[in-house]
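See below for my_file-v1.cif, which holds mmCIF, C-alpha atoms.
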```cif
data_protein
#
loop_
_atom_site.label_atom_id
_atom_site.label_comp_id
_atom_site.auth_asym_id
_atom_site.auth_seq_id
_atom_site.Cartn_x
_atom_site.Cartn_y
_atom_site.Cartn_z
CA MET A 1 -24.38 -35.40 -12.98
CA PRO A 2 -23.84 -32.63 -10.46
CA LEU A 3 -20.72 -30.51 -10.85
CA PHE A 4 -20.34 -31.77 -14.41
CA ASP A 5 -20.64 -28.27 -15.90
CA SER A 6 -18.33 -26.76 -13.25
CA LEU A 7 -15.73 -29.49 -13.66
CA TYR A 8 -15.79 -29.11 -17.43
CA ASN A 9 -15.44 -25.31 -17.25
CA PHE A 10 -12.51 -25.65 -14.82
CA ALA A 11 -10.88 -28.35 -16.98
CA HIS A 12 -11.19 -26.24 -20.13
CA TRP A 13 -9.63 -23.23 -18.40
CA LEU A 14 -6.73 -25.41 -17.22
CA THR A 15 -6.07 -27.16 -20.50
CA GLN A 16 -7.20 -24.40 -22.90
CA ASN A 17 -8.32 -27.15 -25.25
CA ARG A 18 -11.73 -28.81 -25.72
CA ASP A 19 -10.46 -32.34 -26.42
CA GLU A 20 -8.04 -32.29 -23.51
CA ALA A 21 -10.73 -30.88 -21.23
CA GLU A 22 -13.09 -33.71 -22.18
CA ASP A 23 -10.36 -36.31 -21.56
CA LEU A 24 -9.61 -34.71 -18.20
CA VAL A 25 -13.24 -34.73 -17.06
CA GLN A 26 -13.71 -38.29 -18.27
CA GLU A 27 -10.65 -39.46 -16.37
CA THR A 28 -11.78 -37.55 -13.29
CA TYR A 29 -15.14 -39.33 -13.21
CA ALA A 30 -13.44 -42.70 -13.79
CA LYS A 31 -11.03 -42.06 -10.91
CA ALA A 32 -13.80 -40.71 -8.67
CA LEU A 33 -15.93 -43.81 -9.13
CA LYS A 34 -12.96 -46.12 -8.76
CA GLY A 35 -11.66 -44.36 -5.68
CA PHE A 36 -14.97 -43.57 -4.09
CA GLY A 37 -13.94 -45.62 -1.09
CA SER A 38 -11.31 -43.02 -0.28
CA PHE A 39 -13.96 -40.32 0.00
CA GLN A 40 -14.79 -39.74 3.63
CA PRO A 41 -18.51 -39.03 4.16
CA GLY A 42 -18.94 -35.74 5.93
CA THR A 43 -15.98 -34.16 4.19
CA ASN A 44 -16.33 -31.83 1.24
CA PHE A 45 -17.35 -33.71 -1.90
CA ARG A 46 -16.79 -30.72 -4.19
CA ALA A 47 -13.23 -30.17 -2.96
CA TRP A 48 -12.58 -33.92 -3.27
CA ILE A 49 -13.65 -34.23 -6.91
CA PHE A 50 -12.00 -30.94 -7.94
CA ARG A 51 -8.79 -32.20 -6.31
CA ILE A 52 -8.95 -35.38 -8.41
CA LEU A 53 -9.38 -33.29 -11.56
CA ARG A 54 -6.56 -30.95 -10.67
CA ASN A 55 -4.15 -33.74 -9.73
CA THR A 56 -4.98 -35.52 -12.98
CA PHE A 57 -4.25 -32.31 -14.87
CA LEU A 58 -0.94 -31.76 -13.07
CA THR A 59 0.31 -35.18 -14.11
CA SER A 60 -0.76 -34.71 -17.74
CA ARG A 61 1.68 -33.48 -20.36
CA THR A 62 -0.10 -30.13 -20.64
CA GLY A 63 -0.21 -29.77 -16.85
CA LEU A 64 3.48 -30.55 -16.45
CA ALA A 65 4.39 -28.04 -19.15
CA ALA A 66 2.10 -25.36 -17.73
CA THR A 67 3.36 -25.60 -14.16
CA LYS A 68 7.02 -25.93 -15.13
CA THR A 69 7.06 -22.37 -16.45
CA VAL A 70 5.62 -20.73 -13.32
CA PRO A 71 8.12 -18.98 -11.04
CA LEU A 72 7.24 -20.13 -7.54
CA GLU A 73 7.67 -17.25 -5.17
CA SER A 74 7.86 -17.72 -1.43
CA GLU A 75 4.14 -18.20 -1.11
CA ASP A 76 3.82 -18.42 2.62
CA GLU A 77 5.18 -14.95 3.14
CA PRO A 78 2.33 -12.47 3.14
CA GLU A 79 2.83 -9.69 0.64
CA GLN A 80 2.47 -6.05 1.47
CA THR A 81 -0.92 -5.23 0.03
CA VAL A 82 -1.30 -1.99 -1.82
CA ALA A 83 -4.41 -0.02 -2.62
CA VAL A 84 -5.89 -0.59 -6.06
CA SER A 85 -5.40 2.80 -7.57
CA ARG A 86 -8.16 4.94 -8.96
CA ALA A 87 -8.84 5.04 -12.73
CA THR A 88 -6.18 2.56 -13.78
CA PRO A 89 -6.55 1.18 -17.30
CA GLU A 90 -7.94 -2.03 -15.89
CA SER A 91 -10.59 -0.24 -13.84
CA ILE A 92 -11.58 1.64 -16.97
CA LEU A 93 -11.72 -1.64 -18.84
CA LEU A 94 -13.80 -3.22 -16.09
CA GLY A 95 -16.09 -0.24 -16.16
CA GLN A 96 -16.70 -0.98 -19.80
CA ALA A 97 -17.42 -4.59 -18.77
CA ASP A 98 -15.74 -6.16 -21.76
CA GLN A 99 -16.01 -9.80 -20.88
CA GLN A 100 -13.80 -10.96 -23.73
CA GLN A 101 -10.92 -8.82 -22.50
CA VAL A 102 -11.17 -10.21 -18.99
CA GLN A 103 -11.22 -13.70 -20.49
CA ALA A 104 -8.13 -12.88 -22.53
CA ALA A 105 -6.42 -11.56 -19.40
CA LEU A 106 -7.36 -14.73 -17.49
CA GLU A 107 -5.81 -16.80 -20.26
CA GLN A 108 -2.55 -14.90 -19.86
CA VAL A 109 -2.34 -15.47 -16.12
CA PRO A 110 -0.14 -18.49 -15.20
CA VAL A 111 -2.19 -21.61 -14.58
CA ILE A 112 -1.24 -21.76 -10.88
CA TYR A 113 -2.89 -18.35 -10.42
CA ARG A 114 -5.73 -18.95 -12.87
CA GLU A 115 -6.91 -22.01 -10.96
CA VAL A 116 -7.08 -20.19 -7.61
CA LEU A 117 -9.02 -17.31 -9.21
CA LEU A 118 -11.49 -19.73 -10.75
CA LEU A 119 -12.00 -21.66 -7.52
CA CYS A 120 -12.48 -18.47 -5.49
CA ASP A 121 -14.38 -16.15 -7.82
CA VAL A 122 -16.19 -18.54 -10.19
CA GLU A 123 -16.76 -21.60 -7.99
CA GLU A 124 -17.03 -19.36 -4.93
CA MET A 125 -15.17 -21.83 -2.74
CA SER A 126 -14.12 -20.74 0.73
CA TYR A 127 -10.40 -20.42 1.42
CA GLN A 128 -10.61 -23.71 3.34
CA GLU A 129 -12.22 -25.50 0.37
CA ILE A 130 -9.55 -24.12 -1.94
CA ALA A 131 -6.87 -25.23 0.50
CA ASP A 132 -8.41 -28.73 0.51
CA THR A 133 -8.60 -28.80 -3.28
CA LEU A 134 -5.03 -27.62 -3.84
CA ALA A 135 -3.65 -29.46 -0.80
CA VAL A 136 -1.90 -26.32 0.48
CA PRO A 137 -2.23 -24.32 3.72
CA ILE A 138 -4.78 -21.47 3.89
CA GLY A 139 -1.93 -18.94 4.10
CA THR A 140 -0.69 -20.15 0.73
CA VAL A 141 -4.20 -19.80 -0.72
CA MET A 142 -4.32 -16.19 0.46
CA SER A 143 -0.92 -15.22 -0.88
CA ARG A 144 -1.57 -17.06 -4.15
CA LEU A 145 -4.90 -15.25 -4.53
CA TYR A 146 -3.23 -11.94 -3.86
CA ARG A 147 -0.60 -12.61 -6.53
CA ALA A 148 -3.22 -13.96 -8.93
CA ARG A 149 -5.30 -10.78 -8.71
CA LYS A 150 -2.18 -8.68 -9.10
CA ALA A 151 -1.25 -10.67 -12.21
CA LEU A 152 -4.78 -10.29 -13.60
CA ARG A 153 -4.69 -6.53 -13.06
CA ALA A 154 -1.30 -6.38 -14.78
CA ALA A 155 -2.66 -8.36 -17.75
CA LEU A 156 -5.64 -6.01 -17.99
CA GLN A 157 -3.36 -2.98 -17.78
CA GLU A 158 -1.26 -4.41 -20.59
CA GLN A 159 -4.39 -4.80 -22.69
CA GLY A 160 -5.41 -1.25 -21.86
CA LYS A 161 -2.04 0.03 -23.07
CA MET A 162 -2.25 -2.05 -26.24
CA ARG A 163 -5.72 -0.70 -26.93
CA GLU A 164 -4.53 2.86 -26.40
CA THR A 165 -1.64 2.29 -28.80
CA LYS A 166 -3.95 0.73 -31.36
CA HIS A 167 -6.55 3.49 -31.21
CA GLY A 168 -4.46 6.43 -30.73
CA MET B 1 -5.06 7.73 1.89
CA ALA B 2 -6.02 4.10 2.49
CA ASP B 3 -6.24 2.89 6.08
CA ASP B 4 -3.33 0.60 7.01
CA ARG B 5 -5.41 -1.50 9.39
CA TRP B 6 -8.39 -2.23 7.13
CA GLN B 7 -7.06 -1.91 3.60
CA PRO B 8 -5.02 -5.19 3.67
CA LYS B 9 -8.20 -7.05 4.64
CA LEU B 10 -10.35 -5.82 1.75
CA ASP B 11 -9.94 -8.96 -0.37
CA GLN B 12 -10.82 -11.18 2.60
CA TYR B 13 -13.84 -8.96 3.28
CA LEU B 14 -15.07 -9.27 -0.32
CA ASP B 15 -14.39 -13.03 -0.23
CA SER B 16 -16.51 -13.23 2.97
CA GLU B 17 -13.55 -14.63 4.88
CA LEU B 18 -13.47 -12.22 7.84
CA SER B 19 -15.03 -13.05 11.19
CA ALA B 20 -18.48 -11.60 11.88
CA GLU B 21 -16.93 -9.02 14.18
CA GLU B 22 -14.37 -7.98 11.57
CA MET B 23 -17.09 -7.83 8.89
CA ARG B 24 -19.03 -5.39 11.05
CA GLY B 25 -15.87 -3.37 11.72
CA MET B 26 -15.10 -3.23 8.00
CA ASP B 27 -18.70 -2.21 7.20
CA ALA B 28 -18.39 0.68 9.64
CA HIS B 29 -14.98 1.66 8.30
CA LEU B 30 -16.13 1.65 4.66
CA ARG B 31 -18.98 3.99 5.51
CA GLU B 32 -16.45 6.54 6.74
CA CYS B 33 -13.37 6.02 4.57
CA ALA B 34 -13.80 7.15 0.97
CA SER B 35 -10.37 5.81 -0.01
CA CYS B 36 -11.04 2.26 1.22
CA SER B 37 -14.62 2.21 -0.10
CA GLY B 38 -13.33 3.26 -3.54
CA ASP B 39 -10.66 0.57 -3.32
CA ALA B 40 -13.29 -1.99 -2.26
CA LEU B 41 -15.47 -1.06 -5.21
CA ARG B 42 -12.61 -1.55 -7.68
CA ARG B 43 -11.76 -4.92 -6.12
CA MET B 44 -15.40 -5.95 -6.22
CA GLN B 45 -15.57 -4.98 -9.91
CA LEU B 46 -12.54 -7.17 -10.63
CA LYS B 47 -14.03 -10.06 -8.65
CA ARG B 48 -17.37 -9.78 -10.44
CA ALA B 49 -15.70 -9.43 -13.84
CA THR B 50 -13.65 -12.57 -13.08
CA ARG B 51 -16.78 -14.48 -12.10
CA LEU B 52 -18.62 -13.51 -15.28
CA ALA B 53 -15.63 -14.06 -17.54
CA GLY B 54 -14.74 -17.34 -15.84
CA GLN B 55 -18.07 -18.97 -16.66
CA ARG B 56 -16.95 -19.47 -20.20
CA TYR B 57 -16.93 -23.09 -21.27
CA ALA B 58 -19.87 -25.48 -21.45
CA PRO B 59 -19.63 -29.20 -22.23
CA SER B 60 -21.29 -30.36 -25.44
CA ALA B 61 -24.47 -32.42 -25.22
CA GLU B 62 -22.67 -35.25 -27.00
CA PHE B 63 -19.88 -35.29 -24.39
CA ARG B 64 -22.43 -35.24 -21.55
CA ARG B 65 -24.22 -38.27 -23.06
CA ARG B 66 -20.89 -40.04 -23.56
CA ILE B 67 -19.91 -39.62 -19.91
CA GLU B 68 -23.35 -40.66 -18.68
CA ARG B 69 -23.12 -43.81 -20.80
CA LYS B 70 -19.60 -44.58 -19.53
CA VAL B 71 -20.59 -44.11 -15.93
CA ALA B 72 -23.66 -46.31 -16.39
CA ALA B 73 -22.09 -49.00 -18.57
CA LYS B 74 -19.91 -51.19 -16.41
CA SER B 75 -19.20 -54.79 -17.36
CA PRO B 76 -21.94 -57.20 -16.09
CA ALA B 77 -19.40 -59.40 -14.31
CA ARG B 78 -18.21 -56.54 -12.15
CA ARG B 79 -21.42 -54.57 -11.87
CA TRP B 80 -22.26 -55.92 -8.41
CA LEU B 81 -19.02 -54.47 -7.08
CA TRP B 82 -20.26 -51.01 -8.01
CA ILE B 83 -23.65 -51.26 -6.37
CA PRO B 84 -22.62 -50.16 -2.84
CA ALA B 85 -20.32 -47.47 -4.21
CA LEU B 86 -22.92 -46.19 -6.66
CA ALA B 87 -25.63 -46.20 -3.99
CA MET B 88 -23.36 -44.21 -1.73
CA ALA B 89 -22.36 -41.95 -4.61
CA ALA B 90 -26.04 -41.39 -5.45
CA VAL B 91 -26.75 -40.26 -1.88
CA VAL B 92 -23.74 -37.95 -1.85
CA LEU B 93 -24.45 -36.65 -5.34
CA LEU B 94 -28.08 -35.98 -4.41
CA ALA B 95 -26.90 -34.02 -1.38
CA ALA B 96 -24.36 -32.25 -3.57
CA THR B 97 -27.10 -31.43 -6.13
CA ILE B 98 -29.22 -29.82 -3.45
CA THR B 99 -26.22 -27.96 -2.03
CA VAL B 100 -25.07 -26.84 -5.47
CA GLY B 101 -28.61 -25.76 -6.37
CA ARG B 102 -28.85 -23.65 -3.25
CA TRP B 103 -25.34 -22.37 -3.74
CA TYR B 104 -26.17 -21.44 -7.35
CA GLU B 105 -29.26 -19.49 -6.30
CA ARG B 106 -27.30 -17.73 -3.57
CA SER B 107 -24.55 -17.01 -6.05
CA ARG B 108 -27.03 -15.62 -8.61
CA SER B 109 -28.65 -13.48 -5.99
CA GLU B 110 -25.26 -12.14 -4.87
CA GLN B 111 -24.30 -11.48 -8.47
CA LEU B 112 -27.46 -9.43 -9.06
CA LEU B 113 -27.00 -7.55 -5.82
CA ALA B 114 -23.34 -6.87 -6.66
CA GLU B 115 -24.45 -5.40 -10.00
CA LEU B 116 -26.97 -3.19 -8.23
CA ALA B 117 -24.30 -2.11 -5.72
CA ASP B 118 -22.06 -1.18 -8.67
CA LEU B 119 -24.86 0.83 -10.30
CA HIS B 120 -25.68 2.62 -7.05
CA VAL B 121 -22.08 3.48 -6.12
CA ALA B 122 -21.00 4.32 -9.67
CA ASP B 123 -24.01 6.61 -9.98
CA LEU B 124 -23.20 8.48 -6.79
CA ALA B 125 -19.55 8.82 -7.83
CA SER B 126 -20.59 10.23 -11.21
CA PRO B 127 -20.53 14.02 -11.71
CA THR B 128 -24.00 13.60 -13.32
CA PRO B 129 -25.73 10.94 -11.24
CA VAL B 130 -29.09 11.47 -12.96
CA ASP B 131 -30.05 12.34 -16.54
CA VAL B 132 -33.38 13.87 -15.64
CA VAL B 133 -33.05 16.23 -12.68
CA SER B 134 -36.34 16.96 -10.96
CA SER B 135 -38.10 16.39 -7.67
CA ASP B 136 -41.42 16.32 -9.52
CA ARG B 137 -42.60 12.80 -10.32
CA HIS B 138 -44.73 14.25 -13.15
CA THR B 139 -41.51 15.34 -14.84
CA VAL B 140 -39.39 12.28 -14.06
CA LYS B 141 -41.88 9.57 -14.99
CA PRO B 142 -42.70 10.88 -18.52
CA TRP B 143 -38.97 11.22 -19.22
CA PHE B 144 -38.71 7.41 -19.30
CA GLN B 145 -41.47 7.08 -21.94
CA GLY B 146 -40.01 5.66 -25.13
CA LYS B 147 -36.81 4.71 -23.31
CA LEU B 148 -38.21 1.69 -21.46
CA PRO B 149 -40.52 -1.11 -22.58
CA PHE B 150 -42.80 -0.58 -19.55
CA THR B 151 -44.32 2.15 -17.41
CA PHE B 152 -44.49 2.55 -13.64
CA ASP B 153 -45.98 4.81 -10.99
CA LEU B 154 -44.14 6.93 -8.46
CA PRO B 155 -45.47 8.05 -5.07
CA GLU B 156 -46.32 11.53 -3.80
CA LEU B 157 -43.56 12.48 -1.37
CA PRO B 158 -44.30 15.77 0.44
CA GLY B 159 -44.15 15.27 4.19
CA THR B 160 -42.62 11.79 3.96
CA GLY B 161 -38.96 12.73 4.54
CA TYR B 162 -37.95 11.53 1.08
CA THR B 163 -37.05 13.73 -1.89
CA LEU B 164 -36.88 12.61 -5.50
CA VAL B 165 -33.56 13.73 -7.05
CA GLY B 166 -34.11 12.41 -10.58
CA GLY B 167 -33.52 9.35 -12.71
CA ARG B 168 -31.68 7.68 -15.54
CA VAL B 169 -31.84 4.49 -17.58
CA ALA B 170 -29.86 1.59 -16.09
CA TYR B 171 -29.09 -1.90 -17.33
CA LEU B 172 -29.22 -5.09 -15.27
CA GLU B 173 -27.93 -8.11 -17.16
CA HIS B 174 -28.47 -6.22 -20.43
CA GLU B 175 -32.13 -5.44 -19.59
CA PRO B 176 -33.06 -1.75 -19.49
CA GLY B 177 -34.78 -0.34 -16.45
CA ALA B 178 -35.35 2.82 -14.44
CA HIS B 179 -32.84 3.99 -11.85
CA LEU B 180 -34.37 6.64 -9.59
CA LEU B 181 -32.41 8.48 -6.96
CA TYR B 182 -33.99 9.67 -3.71
CA ASP B 183 -32.61 11.63 -0.78
CA ALA B 184 -33.50 10.49 2.72
CA GLY B 185 -31.84 12.86 5.18
CA ALA B 186 -28.10 12.56 4.62
CA HIS B 187 -28.48 9.31 2.65
CA HIS B 188 -29.07 8.57 -1.00
CA ILE B 189 -31.36 5.69 -1.90
CA SER B 190 -31.54 4.11 -5.34
CA VAL B 191 -34.76 2.63 -6.64
CA PHE B 192 -34.36 0.23 -9.56
CA ILE B 193 -37.34 -0.92 -11.61
CA PHE B 194 -36.96 -3.67 -14.21
CA ARG B 195 -39.28 -6.10 -15.92
CA ASP B 196 -39.60 -9.16 -13.69
CA ARG B 197 -38.16 -12.38 -15.04
CA PRO B 198 -38.50 -15.97 -13.77
CA GLU B 199 -34.76 -16.18 -13.07
CA ILE B 200 -34.95 -13.10 -10.83
CA GLU B 201 -38.13 -14.41 -9.20
CA ARG B 202 -36.25 -17.61 -8.31
CA VAL B 203 -33.45 -15.84 -6.47
CA PHE B 204 -35.68 -13.15 -4.95
CA PRO B 205 -38.84 -14.93 -3.79
CA ALA B 206 -41.97 -12.77 -3.53
CA ARG B 207 -41.79 -12.35 0.25
CA ASP B 208 -40.90 -8.91 1.55
CA SER B 209 -37.57 -8.77 3.30
CA THR B 210 -34.76 -6.30 3.75
CA ARG B 211 -31.37 -7.84 3.07
CA ARG B 212 -27.95 -6.59 3.92
CA VAL B 213 -25.31 -6.52 1.16
CA LEU B 214 -21.85 -5.31 2.18
CA SER B 215 -22.68 -2.02 3.88
CA PHE B 216 -26.02 -1.54 2.06
CA HIS B 217 -29.59 -2.55 2.69
CA VAL B 218 -31.86 -3.72 -0.08
CA GLU B 219 -35.54 -4.55 -0.31
CA SER B 220 -36.98 -6.24 -3.38
CA TRP B 221 -40.45 -7.25 -4.50
CA ALA B 222 -42.41 -7.93 -7.67
CA ALA B 223 -45.69 -6.28 -8.61
CA GLY B 224 -47.57 -5.92 -11.88
CA GLY B 225 -44.88 -7.74 -13.84
CA LEU B 226 -42.18 -5.37 -12.58
CA ARG B 227 -39.29 -6.03 -10.20
CA TYR B 228 -38.41 -3.31 -7.70
CA PHE B 229 -35.15 -2.94 -5.76
CA VAL B 230 -34.74 -0.24 -3.12
CA PHE B 231 -31.04 0.03 -2.37
CA GLY B 232 -28.85 2.24 -0.21
CA ASP B 233 -26.77 2.75 2.91
CA ALA B 234 -29.71 4.28 4.80
CA SER B 235 -31.21 2.42 7.78
CA PRO B 236 -33.45 -0.61 7.13
CA GLU B 237 -36.41 1.49 8.37
CA ALA B 238 -35.70 4.21 5.77
CA ILE B 239 -35.45 1.57 3.01
CA GLN B 240 -38.69 -0.06 4.18
CA GLY B 241 -40.46 3.32 4.41
CA LEU B 242 -39.67 4.23 0.80
CA SER B 243 -40.58 0.69 -0.29
CA ARG B 244 -44.01 1.05 1.35
CA LEU B 245 -44.66 4.30 -0.51
CA LEU B 246 -43.64 2.74 -3.83
CA LYS B 247 -45.85 -0.29 -3.22
CA GLN B 248 -48.81 1.97 -2.46
CA ALA B 249 -48.18 3.97 -5.63
CA GLY B 250 -47.99 0.78 -7.68
CA THR B 251 -51.35 -0.58 -6.52
#
```

Could you express the structure from this file as structure tokens?
Amino acid sequence: MPLFDSLYNFAHWLTQNRDEAEDLVQETYAKALKGFGSFQPGTNFRAWIFRILRNTFLTSRTGLAATKTVPLESEDEPEQTVAVSRATPESILLGQADQQQVQAALEQVPVIYREVLLLCDVEEMSYQEIADTLAVPIGTVMSRLYRARKALRAALQEQGKMRETKHG
Amino acid sequence: MADDRWQPKLDQYLDSELSAEEMRGMDAHLRECASCSGDALRRMQLKRATRLAGQRYAPSAEFRRRIERKVAAKSPARRWLWIPALAMAAVVLLAATITVGRWYERSRSEQLLAELADLHVADLASPTPVDVVSSDRHTVKPWFQGKLPFTFDLPELPGTGYTLVGGRVAYLEHEPGAHLLYDAGAHHISVFIFRDRPEIERVFPARDSTRRVLSFHVESWAAGGLRYFVFGDASPEAIQGLSRLLKQAGT
């Protein structure tokens, strides 16, 4: 089953729970087979099936709870980008390539940002594919990605500070 | 000081979302602007760390079997309704499998190249880019003995336009290898030598070719069970020239 591993990984990151991730993937395949008629040949199959999974998640109890707590900023307004400064705690952390700490930081990022990071950096979807999956304009994908990376850096910085406090 | 025109586009550049013309413009800008190239490196590190950290969860074999059974086991009375849909799904899924397979290989290749780019740039930014400093291959090569699980040969360089700067041990996906640094005019070229593995062979087929990665050129080949990468911002001709010398030394 193609995309099975990717869908499961994405589902587990969204739900943060193995049983719920399995239920989500199972329901996704059931809906995909049932609604295969709505898939238009020639359009992006990957975006289509990821969209089913994501929509199923959003209507689940965990999904509703997770998205309810996210402050929605005015996403269509482009943010002023700033340079990623030299030798910040998170760049030091990244230099040490501690995968567990990046995973912990990803867990802390709100789900609406986590999903866009996963689709872009793990699934390596184009902005257009992400826009199709999330059913939002490309401009929203870009601003959401910008905020997601900022949130991830902040989470890594927080971990860096905590580590410094712990060790010193 | 970061450049106001290019700096806001760095994420789009690293996500391969700029037009071909803008990609070329950014390549040229990064070669000249230390601030933006440092910023790009830090963003690339975050992107790569996210990719590695994000590939975290794998479905259990039991769950996979369960889903396969559920997909296959439809009630006999309704099975005929599924035949056209399943046939169509099979065609699309086959196409998706091929696409995903190719995408995975491309992704693996990009991941390896991104790691090499990190090693190259981090090395140059380091106050001690090499641990053994010598232009003499008879000094540099023995230095690696006992540090690596393999040996390799290095070429004679006088009159070739290349100068050996030195070397250090590097790690690619937790595998130790040699990282040699050469000067070619105003450019630095990294040569990486690792034991060849089937998974690297799959994403870097044996044919000789010089690829472009961000603003770098890279040539890779396998010989005698070893995998070579010649990597740097020098011209493709300079990369190919050093590659030729290394291939001759290895035969």

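Pairwise distance (CA of Val132 in chain B, CA of Ser235 in chain B) equals 26.2 Å.
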
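Shortest separation to chain B among A:Arg153, A:Arg51, A:Lys166, A:Arg147 occurs at residue A:Arg153, atoms counted being only C-alpha atoms.
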
On this file, the PyMOL selection byres ((chain B) within 6 of (chain A)) gives some set of residues; write that set as a PyMOL selection string. chain B and resi 8+39+51+53-54+57+97

What separates CA of Val230 in chain B and CA of Ile193 in chain B is a distance of 8.9 Å

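Remark: residues at most 7 Å from position (-38.6, -0.9, -3.5) in file coordinates are Val191, Glu219, Ser220, Trp221, Tyr228, Phe229, Val230, Leu242, Ser243 and Leu246 of chain B, using all atoms listed in the file.
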
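Rounded to one decimal, CA of Met44 in chain B and CA of Asp196 in chain B lie 25.5 Å from each other.
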
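Using all atoms listed in the file for every distance, the candidate list A:Leu14, A:Ala65, A:Val116, A:Lys161 yields A:Val116 as the residue closest to Thr140 in chain A.
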
Taking all atoms of range 233-243 of chain B that the file lists and extending 4 Å past them on each side, where is the centre of the axis-aligned box and how long are its edges? Answer in Å to one decimal, as JSON.
```
{"center_x": -33.7, "center_y": 1.8, "center_z": 4.0, "size_x": 21.8, "size_y": 12.9, "size_z": 16.7}
```

For the point (-4.3, -32.1, -11.2) in the file's frame, write as a short mmCIF file (atom, residue, chain, number, x, y, z; two decimals) with C-alpha atoms, keeping the file's coordinate frame all residues with an atom no more than 12 Å away, counting all atoms listed in the file.
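Result file follows (selection-v6.cif):
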```
data_model
loop_
_atom_site.label_atom_id
_atom_site.label_comp_id
_atom_site.auth_asym_id
_atom_site.auth_seq_id
_atom_site.Cartn_x
_atom_site.Cartn_y
_atom_site.Cartn_z
CA LEU A 7 -15.73 -29.49 -13.66
CA PHE A 10 -12.51 -25.65 -14.82
CA ALA A 11 -10.88 -28.35 -16.98
CA LEU A 14 -6.73 -25.41 -17.22
CA THR A 15 -6.07 -27.16 -20.50
CA ALA A 21 -10.73 -30.88 -21.23
CA LEU A 24 -9.61 -34.71 -18.20
CA VAL A 25 -13.24 -34.73 -17.06
CA GLU A 27 -10.65 -39.46 -16.37
CA THR A 28 -11.78 -37.55 -13.29
CA TRP A 48 -12.58 -33.92 -3.27
CA ILE A 49 -13.65 -34.23 -6.91
CA PHE A 50 -12.00 -30.94 -7.94
CA ARG A 51 -8.79 -32.20 -6.31
CA ILE A 52 -8.95 -35.38 -8.41
CA LEU A 53 -9.38 -33.29 -11.56
CA ARG A 54 -6.56 -30.95 -10.67
CA ASN A 55 -4.15 -33.74 -9.73
CA THR A 56 -4.98 -35.52 -12.98
CA PHE A 57 -4.25 -32.31 -14.87
CA LEU A 58 -0.94 -31.76 -13.07
CA THR A 59 0.31 -35.18 -14.11
CA SER A 60 -0.76 -34.71 -17.74
CA ARG A 61 1.68 -33.48 -20.36
CA THR A 62 -0.10 -30.13 -20.64
CA GLY A 63 -0.21 -29.77 -16.85
CA LEU A 64 3.48 -30.55 -16.45
CA ALA A 66 2.10 -25.36 -17.73
CA THR A 67 3.36 -25.60 -14.16
CA VAL A 111 -2.19 -21.61 -14.58
CA ILE A 112 -1.24 -21.76 -10.88
CA GLU A 115 -6.91 -22.01 -10.96
CA THR A 133 -8.60 -28.80 -3.28
CA LEU A 134 -5.03 -27.62 -3.84
CA ALA A 135 -3.65 -29.46 -0.80
#
```

Just want the 6 Å neighbourhood of range 154-170 of chain B, counted on only C-alpha atoms, with same-chain residues fewer than 3 positions away dropped. Output as a PDB file with C-alpha atoms, in the frame of the given file.
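Below is the file result_35.pdb, written as the result:
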```
ATOM      1  CA  VAL B 130     -29.090  11.470 -12.960  1.00  0.00           C
ATOM      2  CA  ASP B 131     -30.050  12.340 -16.540  1.00  0.00           C
ATOM      3  CA  VAL B 132     -33.380  13.870 -15.640  1.00  0.00           C
ATOM      4  CA  VAL B 133     -33.050  16.230 -12.680  1.00  0.00           C
ATOM      5  CA  SER B 134     -36.340  16.960 -10.960  1.00  0.00           C
ATOM      6  CA  SER B 135     -38.100  16.390  -7.670  1.00  0.00           C
ATOM      7  CA  PRO B 176     -33.060  -1.750 -19.490  1.00  0.00           C
ATOM      8  CA  GLY B 177     -34.780  -0.340 -16.450  1.00  0.00           C
ATOM      9  CA  ALA B 178     -35.350   2.820 -14.440  1.00  0.00           C
ATOM     10  CA  HIS B 179     -32.840   3.990 -11.850  1.00  0.00           C
ATOM     11  CA  LEU B 180     -34.370   6.640  -9.590  1.00  0.00           C
ATOM     12  CA  LEU B 181     -32.410   8.480  -6.960  1.00  0.00           C
ATOM     13  CA  TYR B 182     -33.990   9.670  -3.710  1.00  0.00           C
ATOM     14  CA  ASP B 183     -32.610  11.630  -0.780  1.00  0.00           C
ATOM     15  CA  ALA B 184     -33.500  10.490   2.720  1.00  0.00           C
ATOM     16  CA  LEU B 245     -44.660   4.300  -0.510  1.00  0.00           C
ATOM     17  CA  LEU B 246     -43.640   2.740  -3.830  1.00  0.00           C
ATOM     18  CA  ALA B 249     -48.180   3.970  -5.630  1.00  0.00           C
TER      19      ALA B 249
END
```

Residue IDs satisfying the PyMOL selection byres ((chain B and resi 26) around 12), as a ChimeraX atom specification: /B:3,5-14,16-25,27-33,36-37,40,214-215

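Among B:Arg42, B:Arg227, B:Arg244, B:Lys147, the residue with the shortest atom-to-atom distance to Ala117 in chain B, counting all atoms listed in the file, is B:Arg42.
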